[in-house]
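Structure data follow from run07.txt (compact mmCIF, C-alpha atoms):
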# COMPACT_ATOMS: atom_id res chain seq x y z
CA MET A 771 -10.75 19.90 0.82
CA ASN A 772 -13.45 20.09 3.51
CA ARG A 773 -14.58 16.62 2.50
CA VAL A 774 -11.07 15.22 2.82
CA ILE A 775 -10.68 16.79 6.27
CA THR A 776 -14.10 15.40 7.32
CA ALA A 777 -13.14 11.94 6.00
CA CYS A 778 -9.80 12.01 7.85
CA CYS A 779 -11.56 13.11 11.06
CA LEU A 780 -14.12 10.33 10.68
CA ILE A 781 -11.42 7.70 10.19
CA ALA A 782 -9.54 9.05 13.23
CA ALA A 783 -12.78 8.97 15.27
CA ILE A 784 -13.42 5.35 14.23
CA ILE A 785 -9.88 4.31 15.21
CA LEU A 786 -10.26 6.13 18.54
CA TYR A 787 -13.65 4.54 19.10
CA SER A 788 -12.32 1.04 18.32
CA ALA A 789 -9.39 1.49 20.67
CA SER A 790 -11.58 2.84 23.47
CA ALA A 791 -14.11 0.01 22.94
CA ALA A 792 -11.32 -2.54 23.44
CA LEU A 793 -10.11 -0.71 26.56
CA ILE A 794 -13.63 -0.47 28.03
CA ILE A 795 -14.23 -4.16 27.42
CA ARG A 796 -10.88 -5.05 28.96
CA SER A 797 -11.46 -3.04 32.14
CA GLU A 798 -15.06 -4.27 32.56
CA ASN A 799 -13.96 -7.83 31.86
CA ALA A 800 -11.25 -7.57 34.49
CA GLU A 801 -13.84 -6.61 37.11
CA LEU A 802 -16.15 -9.44 36.13
CA ILE A 803 -13.34 -12.00 36.08
CA GLU A 804 -12.24 -10.82 39.52
CA ILE A 805 -15.76 -11.42 40.89
CA ILE A 806 -15.83 -14.83 39.21
CA GLY A 807 -12.51 -15.60 40.92
CA GLN A 808 -14.01 -14.62 44.27
CA ILE A 809 -17.02 -16.89 43.71
CA SER A 810 -14.74 -19.75 42.77
CA GLU A 811 -12.53 -19.18 45.83
CA CYS A 812 -15.49 -18.95 48.25
CA ASN A 813 -16.99 -22.07 46.71
CA GLU A 814 -13.76 -24.00 47.17
CA LYS A 815 -13.67 -22.96 50.83
CA GLY A 816 -17.31 -23.95 51.22
CA ASP A 817 -18.25 -20.35 52.08
CA SER A 818 -21.60 -20.32 50.32
CA GLU A 819 -22.73 -17.08 51.99
CA ASN A 820 -19.89 -15.02 50.52
CA ALA A 821 -20.17 -16.92 47.27
CA SER A 822 -23.85 -15.93 47.05
CA ALA A 823 -23.01 -12.30 47.80
CA ALA A 824 -20.34 -12.34 45.07
CA ALA A 825 -22.82 -13.98 42.69
CA GLN A 826 -25.24 -11.14 43.39
CA ARG A 827 -22.51 -8.64 42.61
CA LEU A 828 -21.69 -10.54 39.42
CA ASN A 829 -25.32 -10.44 38.39
CA TYR A 830 -25.59 -6.72 39.08
CA LYS A 831 -22.30 -5.91 37.35
CA TRP A 832 -23.17 -8.07 34.36
CA ARG A 833 -26.48 -6.26 33.83
CA SER A 834 -24.79 -2.87 33.49
CA PHE A 835 -21.95 -4.39 31.44
CA GLU A 836 -24.39 -6.12 29.09
CA ARG A 837 -26.05 -2.82 28.21
CA LYS A 838 -22.73 -1.21 27.37
CA MET A 839 -21.59 -4.27 25.46
CA SER A 840 -24.69 -4.43 23.30
CA VAL A 841 -23.24 -1.46 21.40
CA PHE A 842 -20.20 -3.52 20.36
CA VAL A 843 -21.15 -7.19 20.51
CA ARG A 844 -23.80 -9.38 18.89
CA ASP A 845 -26.87 -10.08 21.02
CA ASP A 846 -26.53 -13.89 20.87
CA LYS A 847 -23.08 -13.82 22.51
CA LEU A 848 -24.39 -11.62 25.33
CA ASN A 849 -27.50 -13.75 25.77
CA SER A 850 -25.34 -16.83 26.17
CA ILE A 851 -23.36 -15.16 29.00
CA SER A 852 -26.58 -13.83 30.58
CA THR A 853 -27.94 -17.36 30.73
CA SER A 854 -24.77 -18.61 32.40
CA VAL A 855 -24.71 -15.71 34.89
CA ALA A 856 -28.33 -16.39 35.82
CA ARG A 857 -27.42 -20.01 36.72
CA ILE A 858 -24.67 -19.10 39.20
CA SER A 859 -26.84 -18.21 42.23
CA PRO A 860 -29.03 -21.35 42.02
CA TYR A 861 -25.91 -23.51 41.57
CA ILE A 862 -24.39 -22.02 44.74
CA ASP A 863 -27.64 -22.58 46.67
CA GLU A 864 -27.84 -26.18 45.46
CA ALA A 865 -24.07 -26.73 45.84
CA ASN A 866 -24.15 -27.95 42.26
CA ASP A 867 -20.96 -29.54 40.82
CA GLU A 868 -21.39 -27.66 37.59
CA LEU A 869 -20.73 -24.29 39.22
CA ASP A 870 -17.03 -24.32 38.35
CA ALA A 871 -17.75 -25.32 34.77
CA GLU A 872 -20.27 -22.48 34.45
CA LEU A 873 -17.83 -19.96 35.91
CA GLN A 874 -15.16 -21.19 33.49
CA ASN A 875 -17.65 -20.83 30.67
CA ILE A 876 -18.41 -17.20 31.58
CA ARG A 877 -14.72 -16.41 31.95
CA ARG A 878 -13.98 -17.99 28.58
CA GLN A 879 -16.78 -16.15 26.79
CA LEU A 880 -15.74 -12.80 28.29
CA THR A 881 -12.19 -13.41 27.11
CA LEU A 882 -13.45 -14.28 23.64
CA ILE A 883 -15.46 -11.05 23.48
CA TYR A 884 -12.37 -9.05 24.40
CA ARG A 885 -10.23 -10.97 21.92
CA GLY A 886 -12.85 -10.32 19.24
CA GLU A 887 -12.23 -6.60 19.63
CA LEU A 888 -8.48 -6.87 19.13
CA PRO A 889 -7.17 -6.17 15.65
CA ALA A 890 -5.21 -9.44 15.58
CA TRP A 891 -4.61 -11.32 12.34
CA TYR A 892 -6.86 -14.21 13.42
CA ASN A 893 -9.76 -11.78 13.82
CA ILE A 894 -9.08 -9.88 10.62
CA LEU A 895 -8.62 -12.89 8.33
CA MET B 843 -40.60 -3.25 15.11
CA SER B 844 -39.87 0.21 16.46
CA VAL B 845 -36.19 -0.80 16.69
CA VAL B 846 -36.16 -1.67 12.99
CA PHE B 847 -37.91 1.59 12.17
CA ILE B 848 -35.48 3.74 14.18
CA ARG B 849 -32.51 1.86 12.76
CA ALA B 850 -33.84 2.37 9.23
CA VAL B 851 -34.22 6.12 9.88
CA ILE B 852 -30.67 6.36 11.27
CA LEU B 853 -29.22 4.41 8.35
CA TYR B 854 -31.19 6.51 5.88
CA LEU B 855 -29.65 9.67 7.31
CA LEU B 856 -26.23 8.01 7.38
CA LEU B 857 -26.52 6.95 3.73
CA ILE B 858 -27.47 10.49 2.70
CA PHE B 859 -24.47 11.78 4.64
CA SER B 860 -22.17 9.16 3.04
CA VAL B 861 -23.37 9.90 -0.48
CA ARG B 862 -22.96 13.64 0.11
CA LEU B 863 -19.50 13.01 1.55
CA MET B 864 -18.50 11.01 -1.53
CA GLY B 865 -19.68 13.85 -3.76
CA LYS B 866 -21.98 14.33 -6.69
CA ARG B 867 -21.67 11.73 -9.40
CA GLN B 868 -24.17 10.10 -11.68
CA ILE B 869 -24.28 6.30 -11.55
CA GLY B 870 -23.03 6.12 -15.15
CA GLU B 871 -20.03 8.29 -14.32
CA LEU B 872 -18.84 6.23 -11.37
CA GLN B 873 -15.40 4.71 -11.52
CA PRO B 874 -15.45 0.91 -11.07
CA SER B 875 -14.08 1.25 -7.52
CA GLU B 876 -16.73 3.87 -6.66
CA LEU B 877 -19.47 1.67 -8.07
CA ALA B 878 -18.24 -1.29 -6.00
CA ILE B 879 -18.13 0.89 -2.87
CA THR B 880 -21.65 2.21 -3.52
CA ILE B 881 -23.00 -1.34 -3.89
CA LEU B 882 -21.05 -2.49 -0.84
CA ILE B 883 -22.37 0.39 1.28
CA SER B 884 -25.97 -0.29 0.29
CA ASN B 885 -25.46 -3.97 1.12
CA ILE B 886 -23.89 -3.26 4.52
CA ALA B 887 -26.70 -0.84 5.39
CA THR B 888 -29.26 -3.64 5.15
CA LEU B 889 -27.51 -5.92 7.68
CA PRO B 890 -28.34 -4.15 10.98
CA VAL B 891 -31.88 -3.46 9.74
CA GLU B 892 -32.49 -7.11 8.90
CA ASP B 893 -30.84 -8.48 12.02
CA THR B 894 -31.62 -6.48 15.16
CA GLY B 895 -29.22 -8.73 17.09
CA LEU B 896 -26.34 -6.98 15.34
CA PRO B 897 -25.18 -3.74 16.95
CA LEU B 898 -26.04 -0.77 14.71
CA LEU B 899 -22.41 0.27 14.85
CA THR B 900 -21.39 -2.81 12.87
CA GLY B 901 -23.26 -1.16 10.00
CA ILE B 902 -22.35 2.45 10.69
CA ILE B 903 -18.60 1.96 11.07
CA PRO B 904 -17.94 0.17 7.74
CA ILE B 905 -20.20 2.61 5.86
CA ILE B 906 -18.37 5.65 7.23
CA THR B 907 -15.01 3.93 6.73
CA LEU B 908 -15.72 3.07 3.08
CA ALA B 909 -17.11 6.53 2.29
CA SER B 910 -14.17 8.24 4.00
CA LEU B 911 -11.61 6.02 2.28
CA ASP B 912 -13.27 6.76 -1.05
CA VAL B 913 -12.93 10.50 -0.41
CA ILE B 914 -9.32 10.14 0.72
CA MET B 915 -8.41 7.95 -2.27
CA SER B 916 -10.05 10.44 -4.66
CA TRP B 917 -8.03 13.21 -3.07
CA LEU B 918 -4.82 11.17 -3.32
CA GLY B 919 -5.76 10.42 -6.93
CA MET B 920 -5.89 14.15 -7.60
CA LYS B 921 -2.42 14.55 -6.13
CA SER B 922 -0.78 11.51 -7.71
CA ARG B 923 -1.14 10.05 -11.17
CA ALA B 924 0.09 6.68 -9.90
CA VAL B 925 -2.74 6.51 -7.33
CA ARG B 926 -5.23 7.54 -10.01
CA ARG B 927 -3.99 4.76 -12.29
CA PHE B 928 -4.19 2.29 -9.42
CA THR B 929 -7.75 3.18 -8.39
CA CYS B 930 -9.30 4.08 -11.76
CA GLY B 931 -7.11 2.34 -14.33
CA THR B 932 -6.25 3.97 -17.65
CA PRO B 933 -8.37 4.63 -20.73
CA VAL B 934 -7.73 2.17 -23.58
CA ILE B 935 -7.63 3.16 -27.24
CA ILE B 936 -9.44 0.56 -29.32
CA ILE B 937 -9.71 2.40 -32.64
CA ARG B 938 -6.77 4.42 -33.89
CA ASP B 939 -6.48 5.90 -37.40
CA GLY B 940 -9.77 4.17 -38.16
CA LYS B 941 -8.27 0.75 -37.39
CA LEU B 942 -9.62 -1.55 -34.75
CA ASP B 943 -7.07 -2.68 -32.16
CA GLN B 944 -8.25 -6.23 -31.55
CA LYS B 945 -5.43 -6.99 -29.13
CA GLN B 946 -6.49 -4.17 -26.81
CA MET B 947 -10.14 -5.21 -27.14
CA ARG B 948 -9.24 -8.74 -26.06
CA ALA B 949 -7.14 -7.36 -23.20
CA ILE B 950 -10.07 -5.42 -21.73
CA ARG B 951 -12.61 -8.09 -22.78
CA PHE B 952 -14.52 -5.58 -24.89
CA THR B 953 -16.56 -7.48 -27.43
CA VAL B 954 -17.58 -6.38 -30.91
CA ASP B 955 -21.16 -6.33 -29.66
CA ASP B 956 -20.17 -3.95 -26.83
CA LEU B 957 -18.40 -1.74 -29.34
CA MET B 958 -21.29 -1.65 -31.81
CA ALA B 959 -23.83 -1.02 -29.03
CA SER B 960 -21.76 1.89 -27.69
CA LEU B 961 -21.37 3.34 -31.18
CA ARG B 962 -25.09 3.02 -31.89
CA GLY B 963 -25.73 4.77 -28.56
CA GLN B 964 -23.85 7.73 -30.01
CA GLY B 965 -25.74 7.67 -33.30
CA ILE B 966 -22.96 5.96 -35.27
CA PHE B 967 -24.11 2.88 -37.15
CA ASP B 968 -21.09 2.42 -39.42
CA ILE B 969 -17.74 1.68 -37.80
CA SER B 970 -15.94 3.08 -40.85
CA GLU B 971 -17.03 6.58 -39.73
CA VAL B 972 -14.82 6.31 -36.64
CA GLN B 973 -11.35 7.80 -36.63
CA PHE B 974 -10.53 7.22 -32.99
CA ALA B 975 -12.31 5.52 -30.09
CA ILE B 976 -11.27 5.15 -26.50
CA VAL B 977 -12.76 3.09 -23.69
CA GLU B 978 -12.81 5.38 -20.67
CA THR B 979 -12.06 4.20 -17.13
CA THR B 980 -15.79 4.35 -16.40
CA GLY B 981 -16.36 1.80 -19.19
CA SER B 982 -18.00 4.30 -21.54
CA LEU B 983 -16.79 4.71 -25.12
CA SER B 984 -15.65 8.12 -26.40
CA VAL B 985 -15.63 8.44 -30.16
CA TYR B 986 -13.94 10.90 -32.51
CA GLN B 987 -15.44 10.69 -35.99
CA LYS B 988 -13.60 11.02 -39.28
CA TYR B 989 -13.49 14.56 -40.61
CA GLN B 990 -16.15 14.03 -43.29
CA TYR B 991 -18.66 12.69 -40.76
CA ARG B 992 -18.22 15.33 -38.07
CA ASN B 993 -20.92 17.93 -37.46
CA VAL B 994 -20.37 21.36 -38.93
CA THR B 995 -19.34 23.88 -36.28
CA ASN B 996 -19.88 27.64 -36.21
CA GLU B 997 -16.17 28.05 -36.83
CA ASP B 998 -16.38 25.89 -39.97
CA ILE B 999 -18.95 28.24 -41.47
CA ASN B 1000 -17.17 31.32 -40.12
CA LEU B 1001 -19.90 32.44 -37.73
CA LYS B 1002 -18.36 34.84 -35.26
CA ASN B 1003 -19.97 35.50 -31.91
CA LYS B 1004 -18.85 35.95 -28.34
CA SER B 1005 -19.26 32.93 -26.07
CA THR B 1006 -21.41 33.65 -23.06
CA ASP B 1007 -22.64 31.64 -20.12
CA PRO B 1008 -26.12 30.14 -20.42
CA PRO B 1009 -29.12 31.72 -18.67
CA GLU B 1010 -29.59 30.86 -15.01
CA VAL B 1011 -32.74 30.42 -12.95
CA VAL B 1012 -33.19 33.46 -10.70
CA VAL B 1013 -36.77 32.82 -9.56
CA ALA B 1014 -38.17 29.34 -9.04
CA ASP B 1015 -41.59 28.57 -7.57
CA GLY B 1016 -41.98 32.13 -6.29
CA GLU B 1017 -38.57 32.18 -4.57
CA LEU B 1018 -35.51 34.20 -5.45
CA ILE B 1019 -32.37 32.14 -6.13
CA ARG B 1020 -29.81 34.38 -4.53
CA ASP B 1021 -26.71 32.40 -5.64
CA ALA B 1022 -27.60 32.90 -9.31
CA MET B 1023 -28.47 36.55 -8.66
CA ALA B 1024 -25.07 37.09 -7.06
CA ARG B 1025 -23.28 35.43 -10.00
CA PHE B 1026 -24.93 37.81 -12.51
CA ARG B 1027 -24.86 40.74 -10.04
CA LEU B 1028 -28.61 41.16 -10.16
CA SER B 1029 -30.38 43.08 -7.44
CA GLU B 1030 -33.74 42.19 -5.98
CA GLU B 1031 -34.96 45.63 -7.10
CA TRP B 1032 -34.01 44.91 -10.71
CA ILE B 1033 -35.93 41.63 -10.67
CA GLU B 1034 -38.95 43.28 -9.05
CA HIS B 1035 -38.78 46.07 -11.63
CA ILE B 1036 -38.77 43.53 -14.49
CA LEU B 1037 -41.60 41.57 -12.95
CA LYS B 1038 -43.59 44.76 -12.47
CA LYS B 1039 -43.16 45.41 -16.20
CA GLU B 1040 -44.46 41.89 -16.80
CA LYS B 1041 -47.40 42.71 -14.51
CA THR B 1042 -46.54 40.08 -11.96
CA SER B 1043 -44.62 39.62 -8.71
CA VAL B 1044 -41.98 37.19 -7.41
CA GLU B 1045 -44.62 35.11 -5.63
CA ASP B 1046 -46.55 34.56 -8.87
CA VAL B 1047 -43.56 33.49 -10.95
CA PHE B 1048 -43.09 29.80 -11.72
CA LEU B 1049 -39.74 30.28 -13.46
CA MET B 1050 -37.57 33.23 -14.40
CA THR B 1051 -34.23 32.92 -16.14
CA VAL B 1052 -31.71 35.65 -16.93
CA ASP B 1053 -28.57 35.44 -19.08
CA PRO B 1054 -25.36 37.45 -18.60
CA ASN B 1055 -26.68 40.06 -21.07
CA ARG B 1056 -29.74 40.47 -18.82
CA LYS B 1057 -32.01 38.95 -21.40
CA TYR B 1058 -34.76 37.37 -19.40
CA SER B 1059 -37.66 34.98 -19.70
CA VAL B 1060 -40.59 34.76 -17.27
CA ILE B 1061 -43.11 31.94 -16.87
CA LYS B 1062 -45.98 32.82 -14.56
CA ASN B 1063 -47.71 30.38 -12.25
CA GLU B 1064 -50.78 28.83 -13.82
CA PRO B 1065 -53.98 29.76 -11.98
CA LYS B 1066 -55.19 26.83 -9.87
CA LYS B 1067 -58.17 25.07 -11.42
CA LYS B 1068 -61.21 24.48 -9.26
CA GLU B 1069 -61.94 20.74 -9.01
Will you turn the file into structure tokens for me?
Amino acid sequence: MNRVITACCLIAAIILYSASAALIIRSENAELIEIIGQISECNEKGDSENASAAAQRLNYKWRSFERKMSVFVRDDKLNSISTSVARISPYIDEANDELDAELQNIRRQLTLIYRGELPAWYNIL
Amino acid sequence: MSVVFIRAVILYLLLIFSVRLMGKRQIGELQPSELAITILISNIATLPVEDTGLPLLTGIIPIITLASLDVIMSWLGMKSRAVRRFTCGTPVIIIRDGKLDQKQMRAIRFTVDDLMASLRGQGIFDISEVQFAIVETTGSLSVYQKYQYRNVTNEDINLKNKSTDPPEVVVADGELIRDAMARFRLSEEWIEHILKKEKTSVEDVFLMTVDPNRKYSVIKNEPKKKE
């Protein structure tokens, strides 16, 4: 009977862990997406100073997020976002046209990571 | 490399935990579902070791899930016959009244070669000696021989004796086995007294067994040879 209780507790812990992983990713994603929005907005207004500051914050936030995420997500997905995040500051400095595309790319990949944690039929099948 | 090493150590401990959680079974006694789970677990365990890009949890979670589900299904199987039939299947009788049931053999894809090999494994070389044979859910064959071919039992020759439990090990490698001592209600003093009679001590005993009638057997440690 002890084994059955242990097994039930383990299953409950896994379900709890999965749910909390999805919640953590969602809340962290929301913060990152908000910063990305700020960068985009500043860039549209031509406010490169604030855009650079937001890019710094994005970089800093992403570094701590990446560490947490490495527990749940494959390294290659995180590396791809890291590469994109690293490009943001130089793009702002150069006023590069690809900044918006890069921000969209990061936003999209973050959303995909979150979606990948949801127990939806398209993830299960 | 240190990552691979640490991951391997963690997974080793996890596998031991999973196997202990699933309970003691010999490979040959595993139900088909248990065998599949065991193979699956060993396969999953290799993934995060081979690919360090994968989070370790992608290996840990399915292993714990499969082991836990196995325990829960076994427990449900104990409670419900329907669950047991679903997870383990049912034994199939392939020889009844000495007659081979070819239809059942075809249904479970049990060939004549399988049958003869299983019979030979049990020391039966002539199928006509078999009264009844059943393919168990583990895939093994249980055979009941015809009366004239069965071994003579004590009852057949009218030998009367009381059944007792077999002897148990109470000292192994110079250490007292307290569980066995408790089962036979043996005190440490009694064992020391016996060993004193045998001109030895617990530390110098390689093996000591005692049966419920307190009949004992002592094997002393061999003196170490100088190389």
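Distance-wise, atom CA of A:Glu868 and atom CA of A:Asp845 end up 24.8 Å apart.
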Report task. Return the neighbours of chain B among the residues of chain A, cut-off 9 Å, counting all atoms listed in the file, as a VMD selection string. Result -> chain A and resid 771 773 to 781 784 840 to 846
Requested in this report: May I ask for the distance between atom CA of B:Ile1061 and atom CA of B:Val1047, given in Å to one decimal place?
Outcome: 6.1 Å
Query - B:Phe952 environment, 12 Å, all atoms listed in the file, sequence neighbours closer than 3 positions dropped, as an MDAnalysis selection string - result: chainID B and resid 934:936 942:949 955:960 976:978 981:983
Using 5 Å of padding on each side, determine the axis-aligned box around all atoms of stretch 1019-1029 of chain B present in the file and give its centre and edge lengths in Å to one decimal, as JSON.
{"center_x": -27.8, "center_y": 37.6, "center_z": -8.5, "size_x": 19.1, "size_y": 20.9, "size_z": 18.0}
Env of A:Glu811: 12 Å cut, atoms = all atoms listed in the file, seq-sep filter 3 positions within chain, self excluded. Answer as a compact mmCIF listing (two decimals) with C-alpha atoms, keeping the file's coordinate frame.
# COMPACT_ATOMS: atom_id res chain seq x y z
CA GLU A 804 -12.24 -10.82 39.52
CA ILE A 805 -15.76 -11.42 40.89
CA ILE A 806 -15.83 -14.83 39.21
CA GLY A 807 -12.51 -15.60 40.92
CA GLN A 808 -14.01 -14.62 44.27
CA GLU A 814 -13.76 -24.00 47.17
CA LYS A 815 -13.67 -22.96 50.83
CA GLY A 816 -17.31 -23.95 51.22
CA ASP A 817 -18.25 -20.35 52.08
CA SER A 818 -21.60 -20.32 50.32
CA ASN A 820 -19.89 -15.02 50.52
CA ALA A 821 -20.17 -16.92 47.27
CA SER A 822 -23.85 -15.93 47.05
CA ALA A 824 -20.34 -12.34 45.07
CA ALA A 825 -22.82 -13.98 42.69
CA LEU A 869 -20.73 -24.29 39.22
CA ASP A 870 -17.03 -24.32 38.35
CA LEU A 873 -17.83 -19.96 35.91
Query raised in the report: What is the distance, in Å and to one decimal place, between atom CA of B:Glu971 and atom CA of B:Gln990?
Result: 8.3 Å
Query - Who sits within 8 Å of stretch 885-889 of chain B, all atoms listed in the file, same chain under 6 positions skipped, as a ChimeraX atom specification - result: /B:853,857,896,901-902,904-905
Can I get stretch 869-888 of chain A with N, CA and C atoms filled in, as a CSV table (one decimal), in the coordinates of the input?
chain,number,residue,atom,x,y,z
A,869,LEU,N,-21.0,-25.7,39.0
A,869,LEU,CA,-20.7,-24.3,39.2
A,869,LEU,C,-19.4,-23.9,38.6
A,870,ASP,N,-18.4,-24.7,38.9
A,870,ASP,CA,-17.0,-24.3,38.4
A,870,ASP,C,-17.0,-24.3,36.8
A,871,ALA,N,-17.7,-25.3,36.2
A,871,ALA,CA,-17.8,-25.3,34.8
A,871,ALA,C,-18.4,-24.1,34.2
A,872,GLU,N,-19.5,-23.7,34.9
A,872,GLU,CA,-20.3,-22.5,34.4
A,872,GLU,C,-19.4,-21.2,34.6
A,873,LEU,N,-18.7,-21.1,35.7
A,873,LEU,CA,-17.8,-20.0,35.9
A,873,LEU,C,-16.7,-19.9,34.8
A,874,GLN,N,-16.2,-21.1,34.5
A,874,GLN,CA,-15.2,-21.2,33.5
A,874,GLN,C,-15.7,-20.7,32.1
A,875,ASN,N,-17.0,-21.2,31.9
A,875,ASN,CA,-17.6,-20.8,30.7
A,875,ASN,C,-17.8,-19.3,30.5
A,876,ILE,N,-18.2,-18.7,31.6
A,876,ILE,CA,-18.4,-17.2,31.6
A,876,ILE,C,-17.1,-16.5,31.3
A,877,ARG,N,-16.1,-17.0,32.1
A,877,ARG,CA,-14.7,-16.4,32.0
A,877,ARG,C,-14.2,-16.5,30.5
A,878,ARG,N,-14.4,-17.7,29.9
A,878,ARG,CA,-14.0,-18.0,28.6
A,878,ARG,C,-14.7,-17.1,27.6
A,879,GLN,N,-16.0,-17.0,27.7
A,879,GLN,CA,-16.8,-16.2,26.8
A,879,GLN,C,-16.4,-14.7,26.9
A,880,LEU,N,-16.2,-14.2,28.1
A,880,LEU,CA,-15.7,-12.8,28.3
A,880,LEU,C,-14.4,-12.6,27.6
A,881,THR,N,-13.5,-13.5,27.8
A,881,THR,CA,-12.2,-13.4,27.1
A,881,THR,C,-12.3,-13.4,25.6
A,882,LEU,N,-13.2,-14.2,25.1
A,882,LEU,CA,-13.4,-14.3,23.6
A,882,LEU,C,-14.0,-13.0,23.1
A,883,ILE,N,-14.9,-12.3,23.9
A,883,ILE,CA,-15.5,-11.0,23.5
A,883,ILE,C,-14.4,-10.0,23.4
A,884,TYR,N,-13.5,-10.0,24.4
A,884,TYR,CA,-12.4,-9.0,24.4
A,884,TYR,C,-11.5,-9.3,23.2
A,885,ARG,N,-11.1,-10.6,23.0
A,885,ARG,CA,-10.2,-11.0,21.9
A,885,ARG,C,-10.8,-10.6,20.6
A,886,GLY,N,-12.2,-10.7,20.5
A,886,GLY,CA,-12.8,-10.3,19.2
A,886,GLY,C,-12.7,-8.9,18.9
A,887,GLU,N,-12.4,-8.0,19.9
A,887,GLU,CA,-12.2,-6.6,19.6
A,887,GLU,C,-10.8,-6.2,19.3
A,888,LEU,N,-9.9,-7.2,19.4
A,888,LEU,CA,-8.5,-6.9,19.1
A,888,LEU,C,-8.2,-7.0,17.6
